[in-house]
Each structure stands twice: as structure tokens, then as C-alpha cells.
Amino acid sequence: MKKILWIMNKYVKGEKDEAYYPHFLKHLQDELSAKDIELHFVFFSNLMKNNIQGNNNHFYSSLLFNDLSELDLQKEAFRIESEYVFTFKQAWFPDILQVSKKQNNRKITVPENELNDIEPLIKKFLFLEELISKEEIDIIFSDVSPEAEMEFGRAIGHKLGKLVLKTYEGSFLGRTVLLEHTKFGQDKLVEFVIDKNYSLDDANAFMNDYINNQGQPSYLGLKKLQYKSSVIEKVSSKILNNKLLIFTLVFKKFFNFLFGIWLWFESTILKKIIYDKFEEGRPYLFFGFHLNQESTIGLRSIPFVNQTVLIEMISRVLPYNYTLYVREHPHWPKRFPFGYLNKLKSYPNVRLLSPKISVHRILKNSKGILVYNSNTGIEALMYGKPVLSFASNIYYNHHPAVLHCLNLYEIGEKLSKLIKMRVEREDTIKYLKKMFSVSIDFLLNSYFFLSDEDAKEKAKCFSNLLTGIITNNDPKTKEVIL
């Protein structure tokens, strides 16, 4: 029997708009158990404790390892960082980049005092290390979140030679694929075929439809389970939990109101001043900003969290007569401060586009696309445009018209190659066929489970994917159990 440990998202509650997420987890556990796979869950908060179903649930307690002195903890920290060849802060930074008390969805730095608050992390690592050993776990799994505990699981699994899987939700046009993680920032696509009926003709038809109808990644149209709390319910809940006093609540609401006015003024007036005209007839490359706080950046592209720095380096080595167009992420334009974007105005041959300009219009006449690991890279290939990527992704090594650059001395060389590359339609069709065959058409976000029946159906599909991957990874057998 194989054992999977799912390191759960510590911010999920499993209630209200997440009410059917625990149902999905229970159904998944049952489906896997029927295939002789034992699924365990480990929780690093108590938010889901009253809602979780099933068994094999392990809860971390802050009281654990309280017998260790400060000196003992320091020794353990040195041991862990040495043995596992990583640092606690590299695991902690992507986590608090999203949830820091000082975060306003716009900052790309974290407070020193929060980054240095390592002692609780040492205890969590020790707990996870002991749990994996005691339960004889074979596979470590987590969702797309950049949580420190999930990174601990990767580090432990990599050192012990275990299979470490992580979802990569939405990154193939809104579908979910799984990645196998090894070293920090290094992963590879898990290529187990879950849909054997998807054909080259299907891929060709999809590409034609996507381009002709200016398609969007499917996650934009997904239905979410919605629960609306009343104002009284929200306030009373916070007061009862001693999390917020009335005065603090009023002050926060007033501050958010003023901040909202600033965001409106910034987006409606200030940014429009610095947007450049889009000249489609000139030779240009395109760089679409990623959302700074998401896993794509904080976890998987940590050397490039400050995207303006990379753009400055690119601007110095652009090919002759080329312009680099840059655009904010169209779904979160208010996440990019005016000052952050205004830095681009001082870089030679860099132009800032309005987020209202369609990516389809931009891709159509571009000579090449620069990305980390976003859907834009896939869309570019469908438009016959080559891609230069700066982080691990699901198109480099899977399509011949994708270049990869981690050595920044090679930027000029890569750009020179990029503008001469041809994208063969047949290669893109083969790539799309493979990606549709190894992906599933739903996301694992806790609010995307709409009913018990929906949760059960998705659990069955996901269990088939996990079972196939585990079986194919087992040298004792290659027979797929579905």
C-alpha cells in the first residue's frame, strides 16, 4: 500500500463558500483507499478542524517541542538548513509575501521582523519530518499555494528520495496539471495521460476556435460557491473571536475607503498619463506583468520578484530597432503601483501599454514573447510567436519554439535567437494535444466545489490521475489502475 501525505492549505476553513471542499477530500480518500492507496492529511492550523471528514488527519500543535530550549532550536535550525540544503527564509518569504500583516496586495518586500520570525517554523519542520518518517509516507502532495510548510515537504521529500507532487492550477489555460518538484524552483510536468481520447484534430480545432474567437483561460468562467455574510455577521464574528475591536474595525473601514479612492485616482488619472501609444507596425517584443504576490512569482520565480529590474536588464540588450512593450496584468490592474510602473519610463526602448489593450491584439503582430510561466506563453505559441521564459514552466522542453534563460549574461544571445525562431503549427498542435491529455478540466481551489455530487465526481477524476501517476512511478509495475 502506498501512502500519500497531503499538506493542507492552512488558510482554508471548509465552511460557507468552501462548504463542499471537505466533501471532496473525503470522497478522494475513499476513492484512493479502494485502489490500495492511503491518503493522509496534515493541518498546520485549526481552521478546518471542525469540518474535516474521513480519517488519517494529523494536526500540528504549537505546544509540540516546547521542551526544546532556545539553544536547542538554534541547533535544529542549523542542522535542518545544512542537511536539507535550503533556508527557512526561502520557504517563508513566498508565504508572507501574500499574507504579511503589512501586505496591501501591492508590495514586493516583507517586513524584517516577520521574515526573521523563524522559531515557529523550526517546530513545524520537526513535526513534519517526524510525521513523514513515522507514517512511512511515500508521496508528498500539496496544492499550488506558496506556504512554508509545503516547501518543507518538498525539501524533506527531495532529500529522502520521495515523489513530491504539487498542483499547477490554471496554468494550462485554466486547467490543472501536476508538477513533480525536486530542488527549489525546479520542477517538471507529470506526463501521465488521463484523457486518451483527445486527438490532434481536437487540438487543431481548439486552437482555431481560441484564435478566431479571442479565447480566455477557462478559469475566468468557472462557477464558484458563493456565500454572502451580512455586515452584522462579519462584525459579530470578529468581536466574538476577540480578533477585532469595534474602534479598530471602524478605523480599518475608513482607511480602506480612503485607499479605495486613491486606487481609483491612480488607475483612472495617474496611470493614463504614463501609458504609451501602441504602434503595431514597429518590431516589438512583449512582456506581460505577472501578479507579484502569486505563486508564479513568489515561489516559482523568486529571483525575479522585482519584474522592473528584469525589464531594465532586458532594455540594455534589446535587438537592433526593437521596442519592448510591457503591460500590467489585465485582471488585477490596481495591484501595480504608479511608482512601480513609472520606473519603466526611464528605460530605453521600453513602452508601457494600457491593460485594456487585448493580449490577442498584442500577440498578433509581436516578434516574440517574454514570460516567466504564464498562460501568455501558451497563447503566444498558438499565434505562432516564439517564447523566451525566465522560470520553470510547462512549455519549455515541451515545444521547440520556447527558449529558457536563467543566466542573465545570456539575455542578449537569447533575444537574438528569439526573433529569428519560427513556430511550426504542427508543433503547437502536438503540444496542445499532450497538455490536454495530461490535464484535468477543473481547479482544486476550495470554493470550486458546488455540491456533494460535484465534489464526488471531481474526486473520482482526480483519484484516477493520482493513481495513474503513482502506478507509473512505481518500478514494480507499469499497469495503470483506473
# chains A, B, ... in the order shown; residues from 1 in each chain; ligands from 1
$ residues_around --residues "Asn365 in chain A" --least-positions-apart "2" --cutoff "12 Å" --atoms "only C-alpha atoms" --output "PyMOL selection string"
chain A and resi 278-286+325+359-363+367-369+380+383-386
$ select_by_dssp --residues "range 100-213 of chain A" --states "strand (DSSP E)" --output "VMD selection string"
chain A and resid 139 to 142 163 to 172 175 to 181 187 to 189
$ residues_around --residues "Leu47 in chain A" --least-positions-apart "4" --cutoff "8 Å" --atoms "only C-alpha atoms" --output "mmCIF file with all heavy atoms, in the first residue's frame"
data_model
loop_
_atom_site.group_PDB
_atom_site.id
_atom_site.type_symbol
_atom_site.label_atom_id
_atom_site.label_comp_id
_atom_site.auth_asym_id
_atom_site.auth_seq_id
_atom_site.Cartn_x
_atom_site.Cartn_y
_atom_site.Cartn_z
ATOM 1 N N LYS A 10 -3.278 26.010 4.976
ATOM 2 C CA LYS A 10 -3.597 26.377 6.362
ATOM 3 C C LYS A 10 -4.560 27.553 6.476
ATOM 4 O O LYS A 10 -4.974 27.919 7.584
ATOM 5 C CB LYS A 10 -2.319 26.685 7.145
ATOM 6 C CG LYS A 10 -1.491 27.850 6.661
ATOM 7 C CD LYS A 10 -0.285 28.078 7.590
ATOM 8 C CE LYS A 10 0.646 29.187 7.103
ATOM 9 N NZ LYS A 10 1.517 28.744 6.014
ATOM 10 N N TYR A 11 -4.935 28.145 5.347
ATOM 11 C CA TYR A 11 -5.856 29.278 5.375
ATOM 12 C C TYR A 11 -7.282 28.889 4.994
ATOM 13 O O TYR A 11 -8.182 29.724 5.007
ATOM 14 C CB TYR A 11 -5.354 30.376 4.439
ATOM 15 C CG TYR A 11 -3.954 30.833 4.777
ATOM 16 C CD1 TYR A 11 -2.878 30.532 3.946
ATOM 17 C CD2 TYR A 11 -3.691 31.542 5.947
ATOM 18 C CE1 TYR A 11 -1.586 30.937 4.269
ATOM 19 C CE2 TYR A 11 -2.414 31.948 6.278
ATOM 20 C CZ TYR A 11 -1.356 31.647 5.431
ATOM 21 O OH TYR A 11 -0.083 32.040 5.745
ATOM 22 N N VAL A 12 -7.507 27.638 4.630
ATOM 23 C CA VAL A 12 -8.827 27.169 4.219
ATOM 24 C C VAL A 12 -9.635 26.737 5.444
ATOM 25 O O VAL A 12 -9.116 26.046 6.325
ATOM 26 C CB VAL A 12 -8.701 25.999 3.219
ATOM 27 C CG1 VAL A 12 -10.057 25.373 2.952
ATOM 28 C CG2 VAL A 12 -8.082 26.486 1.915
ATOM 29 N N LYS A 13 -10.913 27.134 5.480
ATOM 30 C CA LYS A 13 -11.762 26.827 6.631
ATOM 31 C C LYS A 13 -12.719 25.672 6.372
ATOM 32 O O LYS A 13 -13.182 25.030 7.303
ATOM 33 C CB LYS A 13 -12.562 28.075 7.024
ATOM 34 C CG LYS A 13 -11.702 29.249 7.461
ATOM 35 C CD LYS A 13 -12.568 30.445 7.829
ATOM 36 C CE LYS A 13 -11.709 31.623 8.281
ATOM 37 N NZ LYS A 13 -12.537 32.801 8.645
ATOM 38 N N GLY A 14 -13.085 25.453 5.113
ATOM 39 C CA GLY A 14 -14.011 24.374 4.812
ATOM 40 C C GLY A 14 -15.442 24.673 5.209
ATOM 41 O O GLY A 14 -16.205 23.755 5.532
#
$ atom_distance --atom1 "CA of Tyr275 in chain A" --atom2 "CA of Leu324 in chain A"
13.4 Å
$ residues_around --residues "Ser267 in chain A" --least-positions-apart "2" --cutoff "12 Å" --atoms "only C-alpha atoms" --output "PyMOL selection string"
chain A and resi 260-265+269-275+328+332-339+341+354-356
$ atom_distance --atom1 "CA of Tyr60 in chain A" --atom2 "CA of Phe44 in chain A"
5.2 Å
$ closest_residue --among "A:Leu344, A:Ile314, A:Leu291, A:Leu353" --to "Asn373 in chain A" --atoms "only C-alpha atoms"
A:Leu291
$ atom_distance --atom1 "CA of Thr167 in chain A" --atom2 "CA of Thr182 in chain A"
14.0 Å
$ residues_around --residues "range 139-145 of chain A" --least-positions-apart "3" --cutoff "7 Å" --atoms "only C-alpha atoms" --output "list in words"
Lys3, Ile4, Leu5, Trp6, Ile7, Met8, Met150, Gly153, Gly157, Lys162, Leu163, Val164, Leu165, Lys166, Thr167, Tyr168, Glu169 and Ser295 of chain A
$ write_last_selection --atoms "all heavy atoms" --output "tab-separated table (two decimals), in the first residue's frame"
chain	number	residue	atom	x	y	z
A	3	LYS	N	1.35	5.32	0.51
A	3	LYS	CA	0.79	6.35	1.39
A	3	LYS	C	1.11	7.74	0.85
A	3	LYS	O	2.26	8.05	0.53
A	3	LYS	CB	1.37	6.21	2.80
A	3	LYS	CG	0.94	4.95	3.53
A	3	LYS	CD	1.45	4.96	4.96
A	3	LYS	CE	1.01	3.73	5.73
A	3	LYS	NZ	1.48	3.79	7.14
A	4	ILE	N	0.06	8.57	0.76
A	4	ILE	CA	0.21	9.96	0.32
A	4	ILE	C	-0.03	10.87	1.52
A	4	ILE	O	-0.99	10.66	2.28
A	4	ILE	CB	-0.81	10.32	-0.77
A	4	ILE	CG1	-0.71	9.38	-1.97
A	4	ILE	CG2	-0.61	11.77	-1.23
A	4	ILE	CD1	-1.76	9.65	-3.04
A	5	LEU	N	0.81	11.86	1.67
A	5	LEU	CA	0.57	12.90	2.67
A	5	LEU	C	0.23	14.20	1.95
A	5	LEU	O	1.04	14.73	1.20
A	5	LEU	CB	1.81	13.11	3.56
A	5	LEU	CG	1.66	14.20	4.62
A	5	LEU	CD1	0.59	13.83	5.65
A	5	LEU	CD2	2.98	14.48	5.33
A	6	TRP	N	-0.97	14.68	2.17
A	6	TRP	CA	-1.42	15.96	1.59
A	6	TRP	C	-1.19	17.05	2.64
A	6	TRP	O	-1.81	17.05	3.69
A	6	TRP	CB	-2.89	15.89	1.21
A	6	TRP	CG	-3.41	17.11	0.49
A	6	TRP	CD1	-3.00	18.40	0.63
A	6	TRP	CD2	-4.45	17.15	-0.49
A	6	TRP	NE1	-3.71	19.24	-0.18
A	6	TRP	CE2	-4.61	18.51	-0.89
A	6	TRP	CE3	-5.27	16.18	-1.06
A	6	TRP	CZ2	-5.57	18.90	-1.83
A	6	TRP	CZ3	-6.22	16.58	-2.00
A	6	TRP	CH2	-6.36	17.92	-2.38
A	7	ILE	N	-0.29	17.96	2.36
A	7	ILE	CA	-0.06	19.11	3.25
A	7	ILE	C	-1.12	20.14	2.92
A	7	ILE	O	-1.09	20.78	1.86
A	7	ILE	CB	1.36	19.67	3.05
A	7	ILE	CG1	2.40	18.58	3.29
A	7	ILE	CG2	1.59	20.86	3.99
A	7	ILE	CD1	3.82	19.02	3.01
A	8	MET	N	-2.06	20.33	3.82
A	8	MET	CA	-3.24	21.13	3.54
A	8	MET	C	-2.96	22.64	3.62
A	8	MET	O	-2.10	23.09	4.38
A	8	MET	CB	-4.36	20.78	4.53
A	8	MET	CG	-4.85	19.35	4.40
A	8	MET	SD	-5.51	18.96	2.77
A	8	MET	CE	-6.81	20.18	2.62
A	150	MET	N	4.51	23.66	2.94
A	150	MET	CA	4.55	22.90	1.70
A	150	MET	C	5.97	22.83	1.14
A	150	MET	O	6.39	21.81	0.59
A	150	MET	CB	3.59	23.52	0.69
A	150	MET	CG	2.14	23.48	1.12
A	150	MET	SD	1.03	24.24	-0.07
A	150	MET	CE	-0.55	24.06	0.78
A	153	GLY	N	7.81	20.23	3.00
A	153	GLY	CA	7.51	18.90	2.46
A	153	GLY	C	8.35	18.59	1.23
A	153	GLY	O	8.84	17.47	1.07
A	157	GLY	N	10.99	15.57	1.21
A	157	GLY	CA	10.77	14.56	0.19
A	157	GLY	C	11.94	14.43	-0.76
A	157	GLY	O	12.34	13.31	-1.13
A	162	LYS	N	11.65	10.79	-2.13
A	162	LYS	CA	10.23	10.51	-2.28
A	162	LYS	C	9.65	11.34	-3.44
A	162	LYS	O	10.20	12.37	-3.80
A	162	LYS	CB	9.48	10.81	-0.98
A	162	LYS	CG	9.97	9.97	0.19
A	162	LYS	CD	9.20	10.25	1.45
A	162	LYS	CE	9.77	9.44	2.62
A	162	LYS	NZ	9.63	7.99	2.41
A	163	LEU	N	8.54	10.89	-3.96
A	163	LEU	CA	7.85	11.61	-5.02
A	163	LEU	C	7.13	12.80	-4.41
A	163	LEU	O	6.31	12.65	-3.49
A	163	LEU	CB	6.85	10.69	-5.72
A	163	LEU	CG	6.01	11.30	-6.86
A	163	LEU	CD1	6.90	11.77	-8.00
A	163	LEU	CD2	4.98	10.29	-7.36
A	164	VAL	N	7.45	14.01	-4.89
A	164	VAL	CA	6.82	15.23	-4.39
A	164	VAL	C	6.01	15.85	-5.52
A	164	VAL	O	6.55	16.22	-6.56
A	164	VAL	CB	7.87	16.25	-3.88
A	164	VAL	CG1	7.19	17.51	-3.37
A	164	VAL	CG2	8.74	15.62	-2.79
A	165	LEU	N	4.70	15.94	-5.32
A	165	LEU	CA	3.80	16.46	-6.34
A	165	LEU	C	3.13	17.73	-5.85
A	165	LEU	O	2.82	17.88	-4.67
A	165	LEU	CB	2.71	15.42	-6.66
A	165	LEU	CG	3.17	14.07	-7.21
A	165	LEU	CD1	1.99	13.13	-7.34
A	165	LEU	CD2	3.88	14.25	-8.55
A	166	LYS	N	2.93	18.64	-6.79
A	166	LYS	CA	2.25	19.90	-6.48
A	166	LYS	C	1.35	20.27	-7.65
A	166	LYS	O	1.74	20.09	-8.81
A	166	LYS	CB	3.27	21.00	-6.20
A	166	LYS	CG	2.71	22.24	-5.51
A	166	LYS	CD	3.85	23.17	-5.10
A	166	LYS	CE	3.35	24.42	-4.42
A	166	LYS	NZ	2.74	24.17	-3.10
A	167	THR	N	0.16	20.76	-7.36
A	167	THR	CA	-0.71	21.18	-8.44
A	167	THR	C	-0.19	22.46	-9.06
A	167	THR	O	0.48	23.27	-8.41
A	167	THR	CB	-2.15	21.41	-7.97
A	167	THR	OG1	-2.15	22.36	-6.90
A	167	THR	CG2	-2.79	20.12	-7.52
A	168	TYR	N	-0.52	22.63	-10.31
A	168	TYR	CA	-0.17	23.85	-11.05
A	168	TYR	C	-1.47	24.31	-11.67
A	168	TYR	O	-1.73	24.15	-12.84
A	168	TYR	CB	0.87	23.49	-12.10
A	168	TYR	CG	1.59	24.66	-12.74
A	168	TYR	CD1	1.76	25.86	-12.08
A	168	TYR	CD2	2.13	24.52	-14.02
A	168	TYR	CE1	2.44	26.91	-12.68
A	168	TYR	CE2	2.82	25.56	-14.62
A	168	TYR	CZ	2.97	26.75	-13.95
A	168	TYR	OH	3.64	27.79	-14.55
A	169	GLU	N	-2.33	24.86	-10.82
A	169	GLU	CA	-3.71	25.12	-11.19
A	169	GLU	C	-3.85	26.32	-12.11
A	169	GLU	O	-3.31	27.39	-11.85
A	169	GLU	CB	-4.56	25.34	-9.94
A	169	GLU	CG	-4.61	24.11	-9.03
A	169	GLU	CD	-5.27	24.39	-7.71
A	169	GLU	OE1	-6.01	25.37	-7.63
A	169	GLU	OE2	-5.02	23.64	-6.75
A	295	SER	N	1.88	32.63	-6.56
A	295	SER	CA	2.88	31.56	-6.50
A	295	SER	C	3.80	31.58	-7.71
A	295	SER	O	4.98	31.20	-7.61
A	295	SER	CB	2.18	30.20	-6.42
A	295	SER	OG	1.36	30.14	-5.28
$ decode --residues "range 291-323 of chain A" --atoms "N, CA and C atoms" --output "PDB file, in the first residue's frame"
ATOM      1  N   LEU A 291       1.350  38.748 -11.658  1.00  0.00           N
ATOM      2  CA  LEU A 291       0.920  39.289 -10.370  1.00  0.00           C
ATOM      3  C   LEU A 291       2.014  39.024  -9.347  1.00  0.00           C
ATOM      4  N   ASN A 292       2.536  40.082  -8.735  1.00  0.00           N
ATOM      5  CA  ASN A 292       3.739  39.978  -7.909  1.00  0.00           C
ATOM      6  C   ASN A 292       3.611  39.039  -6.711  1.00  0.00           C
ATOM      7  N   GLN A 293       2.401  38.902  -6.168  1.00  0.00           N
ATOM      8  CA  GLN A 293       2.264  38.137  -4.927  1.00  0.00           C
ATOM      9  C   GLN A 293       1.856  36.677  -5.153  1.00  0.00           C
ATOM     10  N   GLU A 294       1.589  36.277  -6.377  1.00  0.00           N
ATOM     11  CA  GLU A 294       1.101  34.921  -6.589  1.00  0.00           C
ATOM     12  C   GLU A 294       2.239  33.904  -6.597  1.00  0.00           C
ATOM     13  N   SER A 295       1.879  32.629  -6.561  1.00  0.00           N
ATOM     14  CA  SER A 295       2.879  31.564  -6.504  1.00  0.00           C
ATOM     15  C   SER A 295       3.803  31.577  -7.713  1.00  0.00           C
ATOM     16  N   THR A 296       3.268  31.994  -8.859  1.00  0.00           N
ATOM     17  CA  THR A 296       4.061  32.069 -10.080  1.00  0.00           C
ATOM     18  C   THR A 296       5.333  32.870  -9.853  1.00  0.00           C
ATOM     19  N   ILE A 297       5.240  33.906  -9.048  1.00  0.00           N
ATOM     20  CA  ILE A 297       6.389  34.771  -8.767  1.00  0.00           C
ATOM     21  C   ILE A 297       7.075  34.366  -7.464  1.00  0.00           C
ATOM     22  N   GLY A 298       6.342  34.450  -6.359  1.00  0.00           N
ATOM     23  CA  GLY A 298       6.957  34.280  -5.049  1.00  0.00           C
ATOM     24  C   GLY A 298       7.581  32.919  -4.820  1.00  0.00           C
ATOM     25  N   LEU A 299       6.987  31.869  -5.367  1.00  0.00           N
ATOM     26  CA  LEU A 299       7.501  30.525  -5.132  1.00  0.00           C
ATOM     27  C   LEU A 299       8.337  30.033  -6.299  1.00  0.00           C
ATOM     28  N   ARG A 300       7.838  30.199  -7.516  1.00  0.00           N
ATOM     29  CA  ARG A 300       8.441  29.550  -8.671  1.00  0.00           C
ATOM     30  C   ARG A 300       9.403  30.462  -9.429  1.00  0.00           C
ATOM     31  N   SER A 301       9.423  31.748  -9.104  1.00  0.00           N
ATOM     32  CA  SER A 301      10.303  32.689  -9.820  1.00  0.00           C
ATOM     33  C   SER A 301      10.932  33.681  -8.851  1.00  0.00           C
ATOM     34  N   ILE A 302      11.276  33.189  -7.675  1.00  0.00           N
ATOM     35  CA  ILE A 302      11.709  34.087  -6.597  1.00  0.00           C
ATOM     36  C   ILE A 302      12.884  35.007  -6.971  1.00  0.00           C
ATOM     37  N   PRO A 303      13.822  34.606  -7.866  1.00  0.00           N
ATOM     38  CA  PRO A 303      14.890  35.553  -8.214  1.00  0.00           C
ATOM     39  C   PRO A 303      14.383  36.776  -8.979  1.00  0.00           C
ATOM     40  N   PHE A 304      13.155  36.676  -9.525  1.00  0.00           N
ATOM     41  CA  PHE A 304      12.656  37.744 -10.387  1.00  0.00           C
ATOM     42  C   PHE A 304      11.405  38.397  -9.827  1.00  0.00           C
ATOM     43  N   VAL A 305      11.278  38.437  -8.494  1.00  0.00           N
ATOM     44  CA  VAL A 305      10.099  39.049  -7.894  1.00  0.00           C
ATOM     45  C   VAL A 305       9.954  40.503  -8.344  1.00  0.00           C
ATOM     46  N   ASN A 306      11.067  41.217  -8.435  1.00  0.00           N
ATOM     47  CA  ASN A 306      11.013  42.600  -8.924  1.00  0.00           C
ATOM     48  C   ASN A 306      11.120  42.584 -10.446  1.00  0.00           C
ATOM     49  N   GLN A 307       9.972  42.599 -11.100  1.00  0.00           N
ATOM     50  CA  GLN A 307       9.945  42.454 -12.553  1.00  0.00           C
ATOM     51  C   GLN A 307      10.535  43.668 -13.274  1.00  0.00           C
ATOM     52  N   THR A 308      10.460  44.837 -12.655  1.00  0.00           N
ATOM     53  CA  THR A 308      11.029  46.021 -13.303  1.00  0.00           C
ATOM     54  C   THR A 308      12.547  45.912 -13.419  1.00  0.00           C
ATOM     55  N   VAL A 309      13.179  45.204 -12.493  1.00  0.00           N
ATOM     56  CA  VAL A 309      14.629  45.009 -12.563  1.00  0.00           C
ATOM     57  C   VAL A 309      14.989  44.159 -13.774  1.00  0.00           C
ATOM     58  N   LEU A 310      14.225  43.079 -13.994  1.00  0.00           N
ATOM     59  CA  LEU A 310      14.480  42.238 -15.168  1.00  0.00           C
ATOM     60  C   LEU A 310      14.251  43.024 -16.454  1.00  0.00           C
ATOM     61  N   ILE A 311      13.207  43.827 -16.485  1.00  0.00           N
ATOM     62  CA  ILE A 311      12.920  44.627 -17.678  1.00  0.00           C
ATOM     63  C   ILE A 311      14.033  45.633 -17.942  1.00  0.00           C
ATOM     64  N   GLU A 312      14.595  46.194 -16.880  1.00  0.00           N
ATOM     65  CA  GLU A 312      15.716  47.116 -17.062  1.00  0.00           C
ATOM     66  C   GLU A 312      16.896  46.396 -17.712  1.00  0.00           C
ATOM     67  N   MET A 313      17.176  45.160 -17.259  1.00  0.00           N
ATOM     68  CA  MET A 313      18.281  44.396 -17.852  1.00  0.00           C
ATOM     69  C   MET A 313      17.998  44.064 -19.314  1.00  0.00           C
ATOM     70  N   ILE A 314      16.768  43.713 -19.606  1.00  0.00           N
ATOM     71  CA  ILE A 314      16.395  43.397 -20.990  1.00  0.00           C
ATOM     72  C   ILE A 314      16.544  44.624 -21.879  1.00  0.00           C
ATOM     73  N   SER A 315      16.171  45.785 -21.342  1.00  0.00           N
ATOM     74  CA  SER A 315      16.213  47.017 -22.143  1.00  0.00           C
ATOM     75  C   SER A 315      17.625  47.353 -22.616  1.00  0.00           C
ATOM     76  N   ARG A 316      18.625  46.910 -21.878  1.00  0.00           N
ATOM     77  CA  ARG A 316      20.010  47.230 -22.225  1.00  0.00           C
ATOM     78  C   ARG A 316      20.520  46.415 -23.400  1.00  0.00           C
ATOM     79  N   VAL A 317      19.857  45.301 -23.695  1.00  0.00           N
ATOM     80  CA  VAL A 317      20.386  44.392 -24.713  1.00  0.00           C
ATOM     81  C   VAL A 317      19.340  44.040 -25.777  1.00  0.00           C
ATOM     82  N   LEU A 318      18.349  44.878 -25.960  1.00  0.00           N
ATOM     83  CA  LEU A 318      17.327  44.609 -26.968  1.00  0.00           C
ATOM     84  C   LEU A 318      17.943  44.551 -28.369  1.00  0.00           C
ATOM     85  N   PRO A 319      17.415  43.705 -29.247  1.00  0.00           N
ATOM     86  CA  PRO A 319      17.914  43.662 -30.625  1.00  0.00           C
ATOM     87  C   PRO A 319      17.746  45.011 -31.322  1.00  0.00           C
ATOM     88  N   TYR A 320      18.531  45.228 -32.340  1.00  0.00           N
ATOM     89  CA  TYR A 320      18.538  46.485 -33.102  1.00  0.00           C
ATOM     90  C   TYR A 320      17.126  46.839 -33.582  1.00  0.00           C
ATOM     91  N   ASN A 321      16.729  48.077 -33.300  1.00  0.00           N
ATOM     92  CA  ASN A 321      15.476  48.655 -33.792  1.00  0.00           C
ATOM     93  C   ASN A 321      14.234  48.063 -33.129  1.00  0.00           C
ATOM     94  N   TYR A 322      14.409  47.336 -32.015  1.00  0.00           N
ATOM     95  CA  TYR A 322      13.261  46.710 -31.352  1.00  0.00           C
ATOM     96  C   TYR A 322      12.790  47.520 -30.143  1.00  0.00           C
ATOM     97  N   THR A 323      11.497  47.430 -29.899  1.00  0.00           N
ATOM     98  CA  THR A 323      10.856  48.024 -28.724  1.00  0.00           C
ATOM     99  C   THR A 323      10.329  46.893 -27.840  1.00  0.00           C
TER     100      THR A 323
END
